[in-house]
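Novice: File run_4.cif below, mmCIF, C-alpha atoms:
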```cif
data_target
loop_
_atom_site.label_atom_id
_atom_site.label_comp_id
_atom_site.auth_asym_id
_atom_site.auth_seq_id
_atom_site.Cartn_x
_atom_site.Cartn_y
_atom_site.Cartn_z
CA VAL A 269 0.00 0.00 0.00
CA SER A 270 1.41 3.36 -1.00
CA GLU A 271 1.12 6.15 1.53
CA GLN A 272 0.65 8.65 -1.26
CA ARG A 273 -1.78 6.52 -3.24
CA PRO A 274 -4.03 4.65 -0.83
CA ARG A 275 -6.16 1.77 -2.02
CA VAL A 276 -9.87 2.51 -1.78
CA ALA A 277 -12.37 -0.33 -2.01
CA VAL A 278 -15.72 0.25 -3.69
CA VAL A 279 -18.21 -2.49 -2.85
CA THR A 280 -20.57 -3.54 -5.62
CA PHE A 281 -23.87 -5.10 -4.56
CA PRO A 282 -26.46 -6.47 -6.99
CA GLY A 283 -28.31 -3.29 -7.92
CA SER A 284 -25.49 -0.84 -7.20
CA LEU A 285 -25.33 1.75 -9.94
CA ASP A 286 -22.79 4.34 -8.85
CA ASP A 287 -19.93 1.96 -8.18
CA ARG A 288 -18.21 2.76 -11.47
CA ASP A 289 -18.47 6.51 -10.88
CA ALA A 290 -17.06 5.99 -7.39
CA LEU A 291 -14.14 3.97 -8.78
CA ARG A 292 -13.49 6.70 -11.34
CA ALA A 293 -13.72 9.43 -8.72
CA VAL A 294 -11.21 7.63 -6.51
CA ALA A 295 -8.78 7.49 -9.43
CA THR A 296 -9.45 11.13 -10.30
CA MET A 297 -8.56 12.05 -6.72
CA GLY A 298 -5.23 10.25 -7.02
CA ALA A 299 -5.96 7.03 -5.15
CA GLU A 300 -6.03 3.43 -6.34
CA PRO A 301 -9.56 2.13 -6.79
CA VAL A 302 -10.24 -1.50 -5.84
CA GLN A 303 -13.38 -3.31 -6.90
CA VAL A 304 -14.91 -5.50 -4.20
CA TRP A 305 -17.84 -7.80 -4.95
CA HIS A 306 -20.57 -8.14 -2.33
CA GLY A 307 -19.73 -11.81 -1.91
CA ASP A 308 -16.05 -11.15 -1.18
CA ALA A 309 -14.86 -11.95 2.31
CA ASP A 310 -12.19 -9.25 2.46
CA LEU A 311 -11.39 -5.77 1.16
CA HIS A 312 -8.30 -6.75 -0.86
CA GLY A 313 -5.95 -4.71 1.29
CA ALA A 314 -7.81 -1.44 0.90
CA GLY A 315 -7.26 1.28 3.48
CA ALA A 316 -10.64 2.92 2.92
CA VAL A 317 -14.07 1.81 1.76
CA ILE A 318 -16.89 3.34 -0.24
CA LEU A 319 -20.39 1.87 -0.22
CA PRO A 320 -21.84 3.40 -3.39
CA GLY A 321 -25.30 4.52 -4.35
CA GLY A 322 -27.93 2.54 -6.16
CA PHE A 323 -30.62 0.07 -5.28
CA SER A 324 -28.86 -2.86 -3.65
CA TYR A 325 -30.87 -6.05 -3.92
CA GLY A 326 -33.64 -4.03 -5.53
CA ASP A 327 -34.38 -2.19 -2.29
CA TYR A 328 -36.54 -5.15 -1.32
CA LEU A 329 -37.89 -5.10 2.23
CA ARG A 330 -36.21 -1.75 3.00
CA THR A 331 -33.34 0.16 1.43
CA GLY A 332 -30.11 -1.45 2.55
CA ALA A 333 -31.86 -4.11 4.63
CA ILE A 334 -30.56 -7.06 2.61
CA ALA A 335 -27.16 -5.60 1.70
CA ARG A 336 -26.22 -5.35 5.35
CA PHE A 337 -26.03 -9.16 5.42
CA ALA A 338 -23.67 -9.43 2.42
CA PRO A 339 -20.38 -11.20 3.18
CA ALA A 340 -18.42 -8.06 2.24
CA MET A 341 -20.25 -6.17 4.98
CA ARG A 342 -18.59 -8.34 7.62
CA ALA A 343 -15.25 -7.10 6.30
CA VAL A 344 -16.54 -3.52 6.20
CA ALA A 345 -17.71 -3.75 9.81
CA ALA A 346 -14.36 -5.18 10.92
CA HIS A 347 -12.57 -2.42 9.02
CA ALA A 348 -14.72 0.21 10.72
CA ASP A 349 -14.25 -1.40 14.14
CA ALA A 350 -10.49 -1.14 13.61
CA GLY A 351 -10.83 2.59 12.91
CA GLY A 352 -10.71 2.35 9.12
CA PRO A 353 -12.52 5.06 7.17
CA VAL A 354 -15.82 4.19 5.51
CA LEU A 355 -17.89 6.44 3.28
CA GLY A 356 -21.49 5.48 2.52
CA ILE A 357 -23.12 7.40 -0.29
CA CYS A 358 -26.91 7.42 -0.70
CA ASN A 359 -27.76 3.70 -0.74
CA GLY A 360 -24.44 3.21 1.02
CA PHE A 361 -25.67 5.53 3.77
CA GLN A 362 -28.88 3.52 3.99
CA ILE A 363 -26.87 0.31 4.28
CA LEU A 364 -24.68 1.75 7.06
CA CYS A 365 -27.77 2.73 9.03
CA GLU A 366 -29.35 -0.69 8.57
CA ALA A 367 -26.06 -2.31 9.63
CA GLY A 368 -25.99 -0.25 12.81
CA LEU A 369 -22.72 1.41 11.85
CA LEU A 370 -24.51 4.76 11.82
CA PRO A 371 -27.52 5.91 13.86
CA GLY A 372 -30.90 6.70 12.37
CA ALA A 373 -32.64 5.61 9.20
CA LEU A 374 -33.60 6.97 5.78
CA ILE A 375 -37.27 6.98 4.86
CA ARG A 376 -39.26 8.21 1.85
CA ASN A 377 -38.84 11.84 0.92
CA ARG A 378 -41.39 14.18 2.45
CA SER A 379 -42.71 14.91 -1.06
CA LEU A 380 -43.08 11.18 -1.78
CA SER A 381 -41.31 11.95 -5.06
CA PHE A 382 -37.87 11.04 -6.32
CA VAL A 383 -35.58 14.08 -6.22
CA CYS A 384 -32.69 14.53 -8.66
CA ARG A 385 -30.92 17.90 -8.68
CA TRP A 386 -27.95 19.91 -7.50
CA ILE A 387 -28.19 21.10 -3.91
CA ASN A 388 -25.94 22.86 -1.42
CA VAL A 389 -24.70 21.44 1.84
CA ARG A 390 -22.96 23.22 4.67
CA LEU A 391 -20.03 21.62 6.46
CA GLU A 392 -20.80 21.54 10.16
CA GLY A 393 -17.23 20.98 11.32
CA GLY A 394 -16.55 19.56 14.72
CA ALA A 395 -15.96 16.10 13.28
CA PRO A 396 -15.52 13.60 16.10
CA GLY A 397 -12.49 12.02 14.40
CA ASP A 398 -8.98 13.36 13.95
CA LEU A 399 -9.71 14.63 10.45
CA ALA A 400 -12.43 17.03 9.39
CA ILE A 401 -13.89 17.80 5.98
CA GLY A 402 -12.91 21.26 4.82
CA ALA A 403 -13.72 24.19 7.09
CA ARG A 404 -16.82 24.70 9.23
CA GLY A 405 -19.38 26.76 7.33
CA ASP A 406 -18.04 25.93 3.87
CA VAL A 407 -20.82 25.32 1.35
CA LEU A 408 -20.47 22.52 -1.19
CA SER A 409 -22.51 22.08 -4.35
CA ILE A 410 -23.24 18.37 -4.86
CA PRO A 411 -26.04 16.50 -6.65
CA ILE A 412 -28.66 14.37 -4.95
CA LYS A 413 -30.84 11.69 -6.51
CA HIS A 414 -33.01 9.65 -4.18
CA GLY A 415 -36.52 8.67 -3.27
CA GLU A 416 -35.74 7.68 0.31
CA GLY A 417 -33.39 10.28 1.70
CA GLN A 418 -35.29 11.71 4.62
CA PHE A 419 -33.00 11.20 7.60
CA VAL A 420 -34.83 10.34 10.81
CA ALA A 421 -33.70 9.22 14.25
CA SER A 422 -35.05 9.04 17.77
CA ARG A 423 -35.10 12.25 19.78
CA ASP A 424 -32.26 10.90 21.92
CA ASP A 425 -30.16 10.01 18.88
CA LEU A 426 -30.76 13.41 17.29
CA ASP A 427 -29.70 15.15 20.51
CA ARG A 428 -26.62 12.95 20.70
CA LEU A 429 -25.69 13.69 17.09
CA GLU A 430 -25.91 17.41 17.76
CA THR A 431 -24.05 17.46 21.08
CA LYS A 432 -21.27 15.13 19.95
CA GLY A 433 -20.64 16.91 16.68
CA GLN A 434 -21.78 13.99 14.57
CA VAL A 435 -23.79 16.06 12.10
CA ALA A 436 -21.43 16.35 9.15
CA LEU A 437 -23.54 18.15 6.54
CA ARG A 438 -26.81 20.07 6.38
CA TYR A 439 -28.86 21.06 3.36
CA CYS A 440 -28.66 24.82 2.95
CA SER A 441 -28.97 27.82 0.62
CA PRO A 442 -26.05 28.81 -1.62
CA ALA A 443 -25.11 31.26 1.13
CA GLY A 444 -25.18 28.60 3.82
CA GLU A 445 -28.56 29.37 5.42
CA VAL A 446 -30.12 26.24 6.87
CA THR A 447 -33.87 26.61 6.43
CA ASP A 448 -36.71 24.28 5.54
CA ALA A 449 -36.97 25.90 2.12
CA TYR A 450 -33.64 24.27 1.23
CA ASN A 451 -34.48 20.87 2.69
CA PRO A 452 -35.05 18.63 -0.35
CA ASN A 453 -36.44 15.61 1.46
CA GLY A 454 -37.68 16.63 4.92
CA ALA A 455 -34.61 15.35 6.76
CA ALA A 456 -34.58 16.06 10.49
CA GLY A 457 -32.53 19.16 11.17
CA ASN A 458 -31.76 19.44 7.44
CA ILE A 459 -29.24 16.64 8.04
CA ALA A 460 -27.58 15.46 4.83
CA GLY A 461 -24.80 13.40 6.41
CA VAL A 462 -23.69 12.04 9.76
CA TRP A 463 -20.56 10.63 11.39
CA ASN A 464 -20.38 7.69 13.70
CA GLU A 465 -19.29 8.47 17.25
CA ARG A 466 -15.65 7.71 16.50
CA GLY A 467 -15.57 9.83 13.36
CA ASN A 468 -14.31 7.19 10.94
CA VAL A 469 -17.63 6.29 9.32
CA LEU A 470 -19.49 8.89 7.30
CA GLY A 471 -22.82 8.51 5.54
CA LEU A 472 -24.44 11.10 3.32
CA MET A 473 -27.24 11.32 0.78
CA PRO A 474 -25.53 13.70 -1.72
CA HIS A 475 -23.22 12.12 -4.28
CA PRO A 476 -19.64 13.46 -3.99
CA GLU A 477 -18.45 10.97 -6.62
CA HIS A 478 -20.46 12.91 -9.23
CA ALA A 479 -18.79 16.20 -8.33
CA VAL A 480 -15.02 15.77 -8.54
CA ASP A 481 -14.11 16.41 -12.17
CA PRO A 482 -13.90 20.12 -13.09
CA ASP A 483 -14.44 19.23 -16.75
CA LEU A 484 -17.91 17.97 -15.85
CA GLY A 485 -19.16 20.60 -13.42
CA PRO A 486 -18.88 21.72 -9.80
CA ILE A 487 -16.34 19.92 -7.64
CA GLY A 488 -18.10 20.03 -4.28
CA GLY A 489 -17.45 16.34 -3.83
CA GLN A 490 -13.69 16.73 -3.66
CA PRO A 491 -13.38 17.74 0.03
CA ILE A 492 -15.36 14.68 1.07
CA LEU A 493 -13.19 12.29 -0.92
CA GLU A 494 -10.11 14.16 0.27
CA TRP A 495 -11.19 13.34 3.84
CA LEU A 496 -11.52 9.67 2.94
CA LEU A 497 -8.09 9.56 1.33
CA ALA A 498 -6.44 11.53 4.15
CA ALA A 499 -7.97 9.16 6.68
CA ALA A 500 -6.63 6.19 4.74
CA ARG A 501 -3.18 7.72 4.52
CA ALA A 502 -3.19 8.50 8.24
CA ARG A 503 -3.57 4.80 9.00
CA VAL A 504 -0.65 3.65 6.82
CA PRO A 505 2.67 3.44 8.67
CA ALA A 506 5.24 5.79 7.12
CA VAL B 99 -42.58 -21.58 7.05
CA VAL B 100 -40.53 -22.14 10.19
CA GLU B 101 -39.82 -25.46 11.79
CA ALA B 102 -40.10 -25.71 15.56
CA PRO B 103 -41.13 -28.35 18.10
CA ASP B 104 -44.00 -26.24 19.38
CA GLU B 105 -45.79 -22.91 18.98
CA GLY B 106 -43.55 -21.20 21.53
CA GLY B 107 -40.47 -22.16 19.58
CA ALA B 108 -42.02 -21.00 16.31
CA ARG B 109 -43.07 -17.73 17.88
CA ALA B 110 -39.53 -17.16 19.17
CA GLN B 111 -38.07 -17.76 15.72
CA VAL B 112 -40.51 -15.37 14.07
CA ALA B 113 -39.84 -12.72 16.71
CA GLU B 114 -36.11 -13.03 16.15
CA MET B 115 -36.55 -12.64 12.39
CA ALA B 116 -38.73 -9.59 12.94
CA GLU B 117 -36.20 -7.99 15.25
CA ARG B 118 -33.08 -8.78 13.22
CA PHE B 119 -34.33 -8.36 9.70
CA LEU B 120 -37.98 -7.87 8.93
CA SER B 121 -38.35 -4.60 10.83
CA ASN B 122 -36.07 -1.65 11.56
CA PRO B 123 -36.69 -0.58 15.16
CA VAL B 124 -35.72 3.01 14.34
CA ILE B 125 -38.75 3.45 12.12
CA GLU B 126 -40.93 0.38 12.53
CA ASP B 127 -42.60 -1.81 15.11
CA TYR B 128 -44.02 -5.29 14.66
CA ARG B 129 -46.44 -7.75 16.18
CA ILE B 130 -47.03 -11.39 15.43
CA VAL B 131 -50.66 -11.64 14.43
CA ASP B 132 -51.18 -15.32 13.83
CA LEU B 133 -49.30 -18.62 13.70
CA GLN B 134 -50.76 -21.66 12.02
CA ALA B 135 -49.46 -25.18 12.45
CA LEU B 136 -49.01 -27.23 9.30
CA THR B 137 -49.45 -30.98 8.91
CA ALA B 138 -46.65 -33.11 7.51
CA ALA B 139 -48.35 -32.71 4.14
CA GLY B 140 -48.18 -28.93 4.45
CA ASP B 141 -51.88 -28.37 5.14
CA GLY B 142 -53.00 -25.92 7.77
CA ARG B 143 -54.82 -27.27 10.80
#
```
Written as structure tokens, how would this file's structure read?
Specialist:
Amino acid sequence: VSEQRPRVAVVTFPGSLDDRDALRAVATMGAEPVQVWHGDADLHGAGAVILPGGFSYGDYLRTGAIARFAPAMRAVAAHADAGGPVLGICNGFQILCEAGLLPGALIRNRSLSFVCRWINVRLEGGAPGDLAIGARGDVLSIPIKHGEGQFVASRDDLDRLETKGQVALRYCSPAGEVTDAYNPNGAAGNIAGVWNERGNVLGLMPHPEHAVDPDLGPIGGQPILEWLLAAARARVPA
Amino acid sequence: VVEAPDEGGARAQVAEMAERFLSNPVIEDYRIVDLQALTAAGDGR
């Protein structure tokens, strides 16, 4: 494993559809992408993991409910338990919640309609881990595309997320105002992404892998992938 | 269909499935409404 070019695993489940974009984004960001099949028992030496967006196992039962039992998820859980960085994007976020690696759940959008558009998210800072994404208050332009992206959690979990700095991103205006008018799915507290308590697992509904190439549009996804790569590098002995 | 020596065992299996997989306690609750025993031929009785 190269310290400068960490290996990043992207897990493909039946029904994943953003795994190829995630692999490409990892390469664009200067890391080595590693394809991992849902039936694989290990992460092929990767120092970081991405669970990509899509509709794993057809979203049967609930989003992410079946994927959480995939063999590869045992390796992902072990990696997270050891402090390894994990990024769950959209369906990956849903899988992490179902697996208990993140608190809360994602339910149908408040509008009951699928939403596909560019939105803005504000970095909340105060990441519980050693590494933060960008600077607190920075606004990133990133696309969303989901039908079940409304983040919900118990009152106790929401309070805990707020007090422990586990809210990573909130939907906001281009100027960073967090109001209901800029909440695309009804998420509690405009929450677009959350950390686990340790700060090494991040789940978010926006798609950073679609916003890293300046030739294609805004690059609001770069700081999020930079966090993942920095976290992977920090775990590799010099 | 679950296989168990008695209704209590079947109920315990169904409850475990509901808790581990069929429901998400963050957003859902569950209750077991009915259990029907099957004969060896698979008929309800």
Novice: Neighbouring residues of range 346-357 of chain A were defined as those with any atom within 8 Å, considering all atoms listed in the file; residues of the same chain fewer than 6 positions away were excluded. Please report them as a list in words.
Specialist: Gly315, Ala316, Val317, Ile318, Leu319, Pro320, Gly321, Ile363, Leu364, Arg466, Asn468, Val469, Leu470, Gly471, Leu472, Met473, Pro474, His475, Pro476, Leu496, Ala499, Ala500 and Arg503 of chain A
Novice: With C-alpha atoms retained, could you export that selection as a compact mmCIF listing (two decimals), in the coordinates of the input?
Specialist:
```txt
# COMPACT_ATOMS: atom_id res chain seq x y z
CA GLY A 315 -7.26 1.28 3.48
CA ALA A 316 -10.64 2.92 2.92
CA VAL A 317 -14.07 1.81 1.76
CA ILE A 318 -16.89 3.34 -0.24
CA LEU A 319 -20.39 1.87 -0.22
CA PRO A 320 -21.84 3.40 -3.39
CA GLY A 321 -25.30 4.52 -4.35
CA ILE A 363 -26.87 0.31 4.28
CA LEU A 364 -24.68 1.75 7.06
CA ARG A 466 -15.65 7.71 16.50
CA ASN A 468 -14.31 7.19 10.94
CA VAL A 469 -17.63 6.29 9.32
CA LEU A 470 -19.49 8.89 7.30
CA GLY A 471 -22.82 8.51 5.54
CA LEU A 472 -24.44 11.10 3.32
CA MET A 473 -27.24 11.32 0.78
CA PRO A 474 -25.53 13.70 -1.72
CA HIS A 475 -23.22 12.12 -4.28
CA PRO A 476 -19.64 13.46 -3.99
CA LEU A 496 -11.52 9.67 2.94
CA ALA A 499 -7.97 9.16 6.68
CA ALA A 500 -6.63 6.19 4.74
CA ARG A 503 -3.57 4.80 9.00
```
Novice: Using all atoms listed in the file, tabulate the residues of chain A lying at most 7 Å from any atom of chain B, each with its closest atom pair and that distance in Å to one decimal, by chain and increasing residue number, as a tab-separated table.
Specialist:
```
residue	atom	partner	partner_atom	distance
A:Gly372	CA	B:Val124	CA	6.4
A:Ala373	CA	B:Val124	CA	6.5
A:Ala421	CA	B:Val124	CA	6.5
A:Ser422	CA	B:Val124	CA	7.0
```
Novice: Can you pull out every residue within 12 Å of Arg428 in chain A, counting only C-alpha atoms, but drop anything in the same chain fewer than 3 positions away, and send it as a PDB file with C-alpha atoms, keeping the file's coordinate frame?
Specialist:
```pdb
ATOM      1  CA  PRO A 371     -27.520   5.910  13.860  1.00  0.00           C
ATOM      2  CA  GLY A 372     -30.900   6.700  12.370  1.00  0.00           C
ATOM      3  CA  ALA A 421     -33.700   9.220  14.250  1.00  0.00           C
ATOM      4  CA  SER A 422     -35.050   9.040  17.770  1.00  0.00           C
ATOM      5  CA  ARG A 423     -35.100  12.250  19.780  1.00  0.00           C
ATOM      6  CA  ASP A 424     -32.260  10.900  21.920  1.00  0.00           C
ATOM      7  CA  ASP A 425     -30.160  10.010  18.880  1.00  0.00           C
ATOM      8  CA  THR A 431     -24.050  17.460  21.080  1.00  0.00           C
ATOM      9  CA  LYS A 432     -21.270  15.130  19.950  1.00  0.00           C
ATOM     10  CA  GLY A 433     -20.640  16.910  16.680  1.00  0.00           C
ATOM     11  CA  GLN A 434     -21.780  13.990  14.570  1.00  0.00           C
ATOM     12  CA  VAL A 435     -23.790  16.060  12.100  1.00  0.00           C
ATOM     13  CA  VAL A 462     -23.690  12.040   9.760  1.00  0.00           C
ATOM     14  CA  TRP A 463     -20.560  10.630  11.390  1.00  0.00           C
ATOM     15  CA  ASN A 464     -20.380   7.690  13.700  1.00  0.00           C
ATOM     16  CA  GLU A 465     -19.290   8.470  17.250  1.00  0.00           C
TER      17      GLU A 465
END
```
Novice: Can you tell me, as an MDAnalysis selection string, what residues are no more than 12 Å from Ala135 in chain B when counting only C-alpha atoms, ignoring any on the same chain fewer than 5 positions away?
Specialist: chainID B and resid 99:109 140:143
Novice: Distance CA of His306 in chain A-CA of Glu494 in chain A, one decimal place?
Specialist: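 Between these atoms lies a distance of 24.8 Å.
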Novice: Have a look at CA of Leu285 in chain A and CA of Gly322 in chain A and let me know their distance in Å, one decimal.
Specialist: 4.7 Å
Novice: Within 10 Å of Gly417 in chain A, counting only C-alpha atoms, which residues show up once you throw out same-chain ones fewer than 2 positions away? Write them as a list in words, please.
Specialist: Cys358, Asn359, Phe361, Gln362, Ala373, Leu374, Ile375, Arg376, Asn377, Arg378, Phe382, Val383, Ile412, Lys413, His414, Gly415, Phe419, Val420, Pro452, Asn453, Gly454, Ala455, Ile459, Ala460, Leu472, Met473 and Pro474 of chain A
Novice: Would you compute the distance between CA of Phe323 in chain A and CA of Ile401 in chain A? Give it in Å to one decimal.
Specialist: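 These atoms are spaced 26.9 Å apart.
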Novice: On this file, the PyMOL selection byres ((chain A and resi 439) around 6) gives some set of residues; write that set as a list in words.
Specialist: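 Going through the file, the PyMOL selection byres ((chain A and resi 439) around 6) ends up selecting Asn388, Val389, Arg438, Cys440, Asn451, Asn458 and Ala460 of chain A.
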Novice: Here is a test: counting only C-alpha atoms, which residue of A:Met341, A:Leu429, A:Ala479, A:Gly467 is nearest to Pro396 in chain A?
Specialist: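 The answer is A:Gly467, which sits nearest to Pro396 in chain A.
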Novice: Go through the shown structure with the PyMOL selection byres ((chain A and resi 336) around 8) and write out the matching residues as a ChimeraX atom specification.
Specialist: /A:332-335,337-338,341,363-364,366-367
Novice: Which residues, written as an MDAnalysis selection string, have at least one atom at most 9 Å from Gln490 in chain A, with all atoms listed in the file counted and residues fewer than 3 positions away on the same chain left out?
Specialist: chainID A and resid 293 297 476:477 479:481 487 493:495
Novice: When you count all atoms listed in the file, which of these residues is closest to Ser379 in chain A: A:Pro301, A:Tyr325, A:Ala502, A:Glu416?
Specialist: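 For Ser379 in chain A, the nearest of the given residues is A:Glu416.
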